[in-house]
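Student: I'd like to ask you about the structure that follows.
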Amino acid sequence: MTSTSPPLGLARFNALEEHAALAALHEACASTAWARRLLAARPYPTADDLYAASDAATAGLTTAGLEEAMAGHPPIGRPEPGDPASAREQSGMAGAPQALKAEMLELNLAYQERFGHVFLICATGRTGEQMRDALRERLGNTPEREREIVRTELGRINRIRLARLVEGEAEAGSGSEAEAEEDRPA
């Protein structure tokens with residue numbers, strides 16, 4: 001007989017009190033609308049159900065909700081002190097040469113001036129050079145096209161962070177096994 005109960009980390013998330021679940025979701029994405037939509041659909045029988053709800057919530061974000069979500073992300077190359085998620089996700093910039101870091105700072109500023117928000121990319125598994133190249137390429141996008149790309153990248157980031165939450169890695173901390181798992185849910 002097979003078990004129909006959700007994985008332990010997902011069961012823990014499903015059982016959290018509302019305020020604690022909302023706080024956990026805000027760790028994954030700064031959009032209140034996104035978090036509330038996921039919270040309202042609990043309990044989730046499977047992680048795939050949670051990821052599908054996240055995808056739908058991300059797709060349904062208004063401009064204000066998308067801006068709120070982006071505001072929760074630091075610029076590439078400058079993770080927030082004390083934020084292990086952004087530091088882990090941006091690890092491709094950690095050992096980058098100083099010249100690349102300086103170039104990323106200039107490109108980030110140009111991007112922010114052009115589009116009015118932080119450059120958002122799913123940095124997990126990308127090198128500093130790959131992020132720089134993506135930033136250079138995306139500077140040529142129209143604002144409308146860039147919004148589409150940002151929404152897609154946000155969805156990828158949300159899935160990675162939710163996977164860490166439901167697999168219990170948030171409690172276990174970061175490490176090489178956690179980083180090896182980052183690209184699994186797609």
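Here's how to read the names in the structure tokens: chain A, B, ... by the order shown, residue numbers from 1 in each chain, ligand numbers from 1 in the order shown.
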Could you list, as a VMD selection string, every residue within 8 Å of Asn108 in chain A, counting only C-alpha atoms and ignoring same-chain residues fewer than 3 positions away?
Tutor: chain A and resid 75 to 76 104 to 105 111 to 112 118 to 119 135
Student: Filtering to C-alpha atoms, could you give me those residues as a short mmCIF file (atom, residue, chain, number, x, y, z; two decimals), in the first residue's frame?
Tutor:
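Contents of selection_35.cif, freshly written:
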data_model
loop_
_atom_site.label_atom_id
_atom_site.label_comp_id
_atom_site.auth_asym_id
_atom_site.auth_seq_id
_atom_site.Cartn_x
_atom_site.Cartn_y
_atom_site.Cartn_z
CA PRO A 75 21.07 43.45 -7.06
CA ILE A 76 23.17 40.68 -8.56
CA MET A 104 28.06 44.20 -12.90
CA LEU A 105 27.60 47.25 -10.69
CA TYR A 111 19.37 48.36 -16.02
CA GLN A 112 17.68 49.98 -13.04
CA VAL A 118 16.38 45.57 -9.99
CA PHE A 119 17.68 43.14 -12.61
CA LEU A 135 22.18 41.44 -18.16
#
Student: Mind running range 137-176 of chain A against range 47-63 of chain A at 9 Å and telling me each contacting residue's nearest atom pair with the distance in Å (one decimal), counting only C-alpha atoms, chain and number ascending, as JSON lines?
Tutor:
{"residue": "A:Arg151", "atom": "CA", "partner": "A:Thr58", "partner_atom": "CA", "distance": 6.9}
{"residue": "A:Thr152", "atom": "CA", "partner": "A:Ala59", "partner_atom": "CA", "distance": 8.4}
{"residue": "A:Leu154", "atom": "CA", "partner": "A:Thr58", "partner_atom": "CA", "distance": 7.5}
{"residue": "A:Gly155", "atom": "CA", "partner": "A:Asp55", "partner_atom": "CA", "distance": 6.1}
{"residue": "A:Arg156", "atom": "CA", "partner": "A:Asp55", "partner_atom": "CA", "distance": 8.8}
{"residue": "A:Asn158", "atom": "CA", "partner": "A:Ser54", "partner_atom": "CA", "distance": 7.3}
{"residue": "A:Arg159", "atom": "CA", "partner": "A:Tyr51", "partner_atom": "CA", "distance": 6.1}
{"residue": "A:Leu162", "atom": "CA", "partner": "A:Tyr51", "partner_atom": "CA", "distance": 7.5}
{"residue": "A:Ala163", "atom": "CA", "partner": "A:Ala47", "partner_atom": "CA", "distance": 7.6}
{"residue": "A:Val166", "atom": "CA", "partner": "A:Ala47", "partner_atom": "CA", "distance": 7.1}
{"residue": "A:Glu167", "atom": "CA", "partner": "A:Ala47", "partner_atom": "CA", "distance": 8.9}
Student: Would you save the residues of that selection, restricted to N, CA, C and O atoms, as a PDB file, in the first residue's frame?
Tutor:
ATOM      1  N   ARG A 151       8.939  38.033 -14.890  1.00  0.00           N
ATOM      2  CA  ARG A 151       7.906  37.159 -14.320  1.00  0.00           C
ATOM      3  C   ARG A 151       8.351  35.685 -14.398  1.00  0.00           C
ATOM      4  O   ARG A 151       8.193  34.937 -13.436  1.00  0.00           O
ATOM      5  N   THR A 152       8.938  35.294 -15.522  1.00  0.00           N
ATOM      6  CA  THR A 152       9.433  33.920 -15.677  1.00  0.00           C
ATOM      7  C   THR A 152      10.567  33.642 -14.691  1.00  0.00           C
ATOM      8  O   THR A 152      10.592  32.586 -14.042  1.00  0.00           O
ATOM      9  N   LEU A 154      11.182  35.170 -11.861  1.00  0.00           N
ATOM     10  CA  LEU A 154      10.612  35.150 -10.518  1.00  0.00           C
ATOM     11  C   LEU A 154       9.984  33.788 -10.235  1.00  0.00           C
ATOM     12  O   LEU A 154      10.166  33.230  -9.150  1.00  0.00           O
ATOM     13  N   GLY A 155       9.271  33.245 -11.196  1.00  0.00           N
ATOM     14  CA  GLY A 155       8.670  31.923 -11.022  1.00  0.00           C
ATOM     15  C   GLY A 155       9.716  30.853 -10.750  1.00  0.00           C
ATOM     16  O   GLY A 155       9.525  29.976  -9.897  1.00  0.00           O
ATOM     17  N   ARG A 156      10.833  30.924 -11.444  1.00  0.00           N
ATOM     18  CA  ARG A 156      11.924  29.952 -11.229  1.00  0.00           C
ATOM     19  C   ARG A 156      12.505  30.093  -9.823  1.00  0.00           C
ATOM     20  O   ARG A 156      12.758  29.098  -9.137  1.00  0.00           O
ATOM     21  N   ASN A 158      11.037  31.371  -7.195  1.00  0.00           N
ATOM     22  CA  ASN A 158      10.034  30.946  -6.221  1.00  0.00           C
ATOM     23  C   ASN A 158      10.009  29.427  -6.083  1.00  0.00           C
ATOM     24  O   ASN A 158       9.914  28.900  -4.978  1.00  0.00           O
ATOM     25  N   ARG A 159      10.084  28.717  -7.197  1.00  0.00           N
ATOM     26  CA  ARG A 159      10.076  27.248  -7.144  1.00  0.00           C
ATOM     27  C   ARG A 159      11.279  26.715  -6.374  1.00  0.00           C
ATOM     28  O   ARG A 159      11.157  25.797  -5.564  1.00  0.00           O
ATOM     29  N   LEU A 162      10.710  27.474  -2.701  1.00  0.00           N
ATOM     30  CA  LEU A 162       9.666  26.610  -2.146  1.00  0.00           C
ATOM     31  C   LEU A 162      10.163  25.181  -1.983  1.00  0.00           C
ATOM     32  O   LEU A 162       9.825  24.508  -0.999  1.00  0.00           O
ATOM     33  N   ALA A 163      10.956  24.710  -2.928  1.00  0.00           N
ATOM     34  CA  ALA A 163      11.520  23.359  -2.818  1.00  0.00           C
ATOM     35  C   ALA A 163      12.364  23.252  -1.556  1.00  0.00           C
ATOM     36  O   ALA A 163      12.283  22.261  -0.823  1.00  0.00           O
ATOM     37  N   VAL A 166       9.843  23.082   1.453  1.00  0.00           N
ATOM     38  CA  VAL A 166       9.093  21.834   1.648  1.00  0.00           C
ATOM     39  C   VAL A 166       9.992  20.617   1.809  1.00  0.00           C
ATOM     40  O   VAL A 166       9.549  19.594   2.329  1.00  0.00           O
ATOM     41  N   GLU A 167      11.232  20.734   1.407  1.00  0.00           N
ATOM     42  CA  GLU A 167      12.156  19.620   1.599  1.00  0.00           C
ATOM     43  C   GLU A 167      12.872  19.733   2.933  1.00  0.00           C
ATOM     44  O   GLU A 167      13.735  18.924   3.244  1.00  0.00           O
TER      45      GLU A 167
END
Student: Please return as a ChimeraX atom specification: the residues of range 11-162 of chain A that backbone DSSP assigns to alpha helix (DSSP H).
Tutor: /A:11-15,18-28,32-40,47-59,63-71,84-89,91-94,98-115,128-138,143-162
Student: Choose the residue, out of A:Asn14, A:Gln90, A:Thr124, A:Gln98, that has the smallest atom-to-atom separation from Tyr44 in chain A; count only C-alpha atoms.
Tutor: A:Asn14
Student: Residues within 12 Å of Glu129 in chain A, please, as number ranges by chain. Count only C-alpha atoms; anything in the same chain fewer than 2 positions from it doesn't count.
Tutor: A: 76-77, 90, 92-97, 99-101, 103-104, 123, 125-127, 131-136
Student: Expressed in Å to a single decimal, how great is the separation between CA of Leu10 in chain A and CA of Arg161 in chain A?
Tutor: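 Value for the CA of Leu10 in chain A-CA of Arg161 in chain A distance: 12.8 Å.
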